[in-house]
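Read the structure below first, then the notes.
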Amino acid sequence: MPAPPPIPAPPAMVAPLPEKSGSAFAPREPSERQPRAGLLTAGEHDDLLNPELYADYVDRFLRNEPLAGVPRVDTRRVLTVAVKTNRGQPLPFVPVTLTCADGNRLTLATTADGTATFFPGLDRLGSNVRVDAPGTAARQVWLGGGDGAIVQTLTSNAAPRSARALDLAVVIDCTGSMGDELRYLQAELRGILDRVRRTHPGVDLRVAVIAYRDRGDDYVTRTYRFTGDLAAIQRDLAGQSANGGGDEPEAVEEALARAAALDWRADAVKSLLWVADAPPHSDDVAASWRAVEALRAKRVQVVPVAASDTNRGAEYIMRAAAAVSQSRYLFLTDDSGIGNPHAPPAIDCYKVTSLADAVRRVIDAQLSGRRIEPADADVIRTVGSYDAGRCILPADWRGQAQQ
């Protein structure tokens, strides 16, 4: 079992511009005519709630389109460690350490719901591990029984606590293919930040923005570091325009590496909103995944938002990043009528709402530690048989999926 990956150093190929905080970067002034927020539509999916479906999707993808450098995230075989108070209340931000028979250790901190999720195959765990957390009694857990979800609960004498801070990083593809939606996304994200601040007035909110394009463009990454000045960060975001790219893959690995290197706070809920429509270059896939592993090691929950005509490789990487970080996969839909046609996801069931509502629900869930479903009035369309995030499929679904 390997130690948690080190945070990758930011790549050498960066923008020919200084990395500054807040509005000191002096972006261009946004147009006076900004699109109205609340128009983009999206679906969302939790692959951890649908382990068999996700495993089938992974098997079919890797069989038909091998993607070197991205490990298989096997959701059929998962160890979830729940840390609770003596009264059963979840304890967030508690480091959980797994120790294998060979002495190697892996530590992940719990999210707001008090859980940390490990993947025995991905994390290269042995058949028997010791599970430990501060203030709890260590347990031995047998993992050699094949597929299935294992839940181990650790009880602590610690006092209950809740999340009181949120670090939100917005990582956004600003290449030419995003041009038809970027201005709408800017308006949506401004509205989302305002909604988070109104819904959680007592939460200490900081926001960072990383804009990225590709090598050979006028910049590769622009980083606006965490700040509590939401007006400044909104101006920075509004100052971005879509250009460059040329080929489909983009500098994903450099953007994610810079996100991993941000000054995330230990006592905050950590969320990364990754808005993109293209995968990394084929020789950068492994570096992109190392950045995802570094984000996971820091308890950052990756929330991908698949935009425009997201290809199959980009969807695969985005969904893997969401699953391994205990998060959800979001994708824009054609219901809004905005932008080019959106590629339908390889997902069996979901509900379509506004993008702003979908992001708000995910962030609210990350802060509260409980899943939040859309209100009936907010649902635009339902695909498949949906039950609180789980897809209800006929008994012969596996045979149909392989056709």
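Order determines the names: the first chain of the structure tokens is A, the second B, and so forth; residues in each chain are numbered 1 upward, and ligands are numbered 1 upward as they are shown.
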**Report entry** Residue contacts of range 135-144 of chain A (9 Å, only C-alpha atoms) excluding same-chain residues fewer than 2 positions away, as an MDAnalysis selection string
**Finding:** chainID A and resid 77 79 83 120 125:133 146:147 150 152 154:158
Report task. Could you pull out the residues in range 209-346 of chain A that DSSP calls alpha helix (DSSP H) from the backbone, as number ranges by chain? Result -> A: 230-238, 252-260, 285-297, 312-324
Report task. Give me, please, the distance in Å between CA of Pro344 in chain A and CA of Leu295 in chain A, quoted to one decimal. Result -> 27.5 Å
Query - Filtered DSSP result for range 20-259 of chain A, state strand (DSSP E or B), as a PyMOL selection string - result: chain A and resi 20-21+41-45+77-85+90+95-100+105-109+115-118+128-132+139-142+148-156+165-173+204-212+221-227+250
Report task. State, in Å with one decimal place, the distance from CA of His45 in chain A to CA of Ala116 in chain A. Result -> 19.3 Å
Report task. Take CA of Thr99 in chain A and CA of Thr115 in chain A and report the distance between them in Å, one decimal. Result -> 17.3 Å
Requested in this report: Write out as number ranges by chain which residues come within 7 Å of Asp113 in chain A when counting only C-alpha atoms, dropping same-chain ones fewer than 5 positions away.
Outcome: A: 90, 92, 369-370
Query raised in the report: Leaving out His281 in chain A and any residue of its chain fewer than 5 positions from it, which residues lie within 10 Å of it when counting only C-alpha atoms, given as a ChimeraX atom specification?
Result: /A:214,247-253,286,288
Query raised in the report: In terms of the shortest atom-to-atom distance over only C-alpha atoms, which of A:Pro341, A:Val305, A:Arg312, A:Ser327 is closest to Leu62 in chain A?
Result: A:Arg312
Would you tabulate, counting only C-alpha atoms, all residues of range 217-284 of chain A that have an atom at most 10 Å from an atom of range 301-304 of chain A, showing the closest pair of atoms and their distance in Å to one decimal, sorted by chain then ascending number, as CSV?
residue,atom,partner,partner_atom,distance
A:Val269,CA,A:Gln301,CA,8.5
A:Lys270,CA,A:Gln301,CA,6.2
A:Ser271,CA,A:Gln301,CA,4.9
A:Leu272,CA,A:Val302,CA,4.8
A:Leu273,CA,A:Val303,CA,4.9
A:Trp274,CA,A:Pro304,CA,4.6
A:Val275,CA,A:Pro304,CA,6.0
A:Ala276,CA,A:Pro304,CA,7.7
A:Asp277,CA,A:Pro304,CA,9.9
Query raised in the report: What's the 7 Å shell around range 316-321 of chain A, counting only C-alpha atoms, without same-chain residues fewer than 2 positions away, as a list of chain:residue names?
Result: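 The residues that qualify are A:Val73, A:Val292, A:Val302, A:Pro304, A:Arg312, A:Gly313, A:Ala314, A:Ala323, A:Val324, A:Ser325, A:Tyr329.
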Restricted to C-alpha atoms, what would the selected residues look like written as a PDB file, in the first residue's frame?
ATOM      1  CA  VAL A  73     -11.730   2.896  -9.836  1.00  0.00           C
ATOM      2  CA  VAL A 292      -6.380  14.021  -8.821  1.00  0.00           C
ATOM      3  CA  VAL A 302     -13.822  17.144  -7.316  1.00  0.00           C
ATOM      4  CA  PRO A 304     -16.754  17.967 -12.706  1.00  0.00           C
ATOM      5  CA  ARG A 312     -15.886   9.811 -24.019  1.00  0.00           C
ATOM      6  CA  GLY A 313     -12.331  10.105 -22.706  1.00  0.00           C
ATOM      7  CA  ALA A 314     -13.084  13.356 -20.873  1.00  0.00           C
ATOM      8  CA  ALA A 323     -15.920   8.860  -7.651  1.00  0.00           C
ATOM      9  CA  VAL A 324     -12.492   8.638  -6.031  1.00  0.00           C
ATOM     10  CA  SER A 325     -13.024  11.943  -4.168  1.00  0.00           C
ATOM     11  CA  TYR A 329     -20.475  14.129 -11.805  1.00  0.00           C
TER      12      TYR A 329
END
Near Asp309 in chain A, within 12 Å and counting only C-alpha atoms, which residues show up once chain neighbours fewer than 5 positions away are dropped, as a CSV table (one decimal) with C-alpha atoms, in the first residue's frame?
chain,number,residue,atom,x,y,z
A,177,SER,CA,-14.6,25.3,-27.9
A,178,MET,CA,-16.0,26.7,-24.7
A,180,ASP,CA,-20.5,29.5,-26.8
A,181,GLU,CA,-21.0,28.7,-23.1
A,248,GLU,CA,-9.3,18.7,-28.7
A,276,ALA,CA,-14.4,21.5,-19.1
A,277,ASP,CA,-15.2,19.7,-22.4
A,278,ALA,CA,-11.9,18.0,-23.3
A,279,PRO,CA,-9.5,15.5,-21.8
A,314,ALA,CA,-13.1,13.4,-20.9
A,315,GLU,CA,-16.2,11.9,-19.3
A,331,PHE,CA,-23.1,17.5,-17.1
A,332,LEU,CA,-24.8,20.2,-19.1
A,333,THR,CA,-27.8,19.2,-21.2
A,334,ASP,CA,-29.6,20.5,-24.3
A,339,GLY,CA,-24.5,26.5,-27.1
A,340,ASN,CA,-23.6,23.5,-29.3
A,341,PRO,CA,-25.3,20.1,-28.7
A,342,HIS,CA,-24.2,18.4,-25.6
A,343,ALA,CA,-22.9,14.8,-25.7
A,344,PRO,CA,-25.4,12.6,-23.9
A,345,PRO,CA,-23.7,10.9,-20.9
**Report entry** Near-range 192-204 of chain A list (12 Å; only C-alpha atoms; drop same-chain fewer than 4 positions) as number ranges by chain
**Finding:** A: 37-38, 162-170, 185-188, 208, 226-231, 233-234, 237, 265, 267-270, 273, 354-368
Query raised in the report: Given the choices A:Ile338, A:Ala149, A:Val70, A:Leu262, which gets closest to Leu182 in chain A if the distance is worked out from only C-alpha atoms?
Result: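 Distance minimum relative to Leu182 in chain A lands on A:Ile338.
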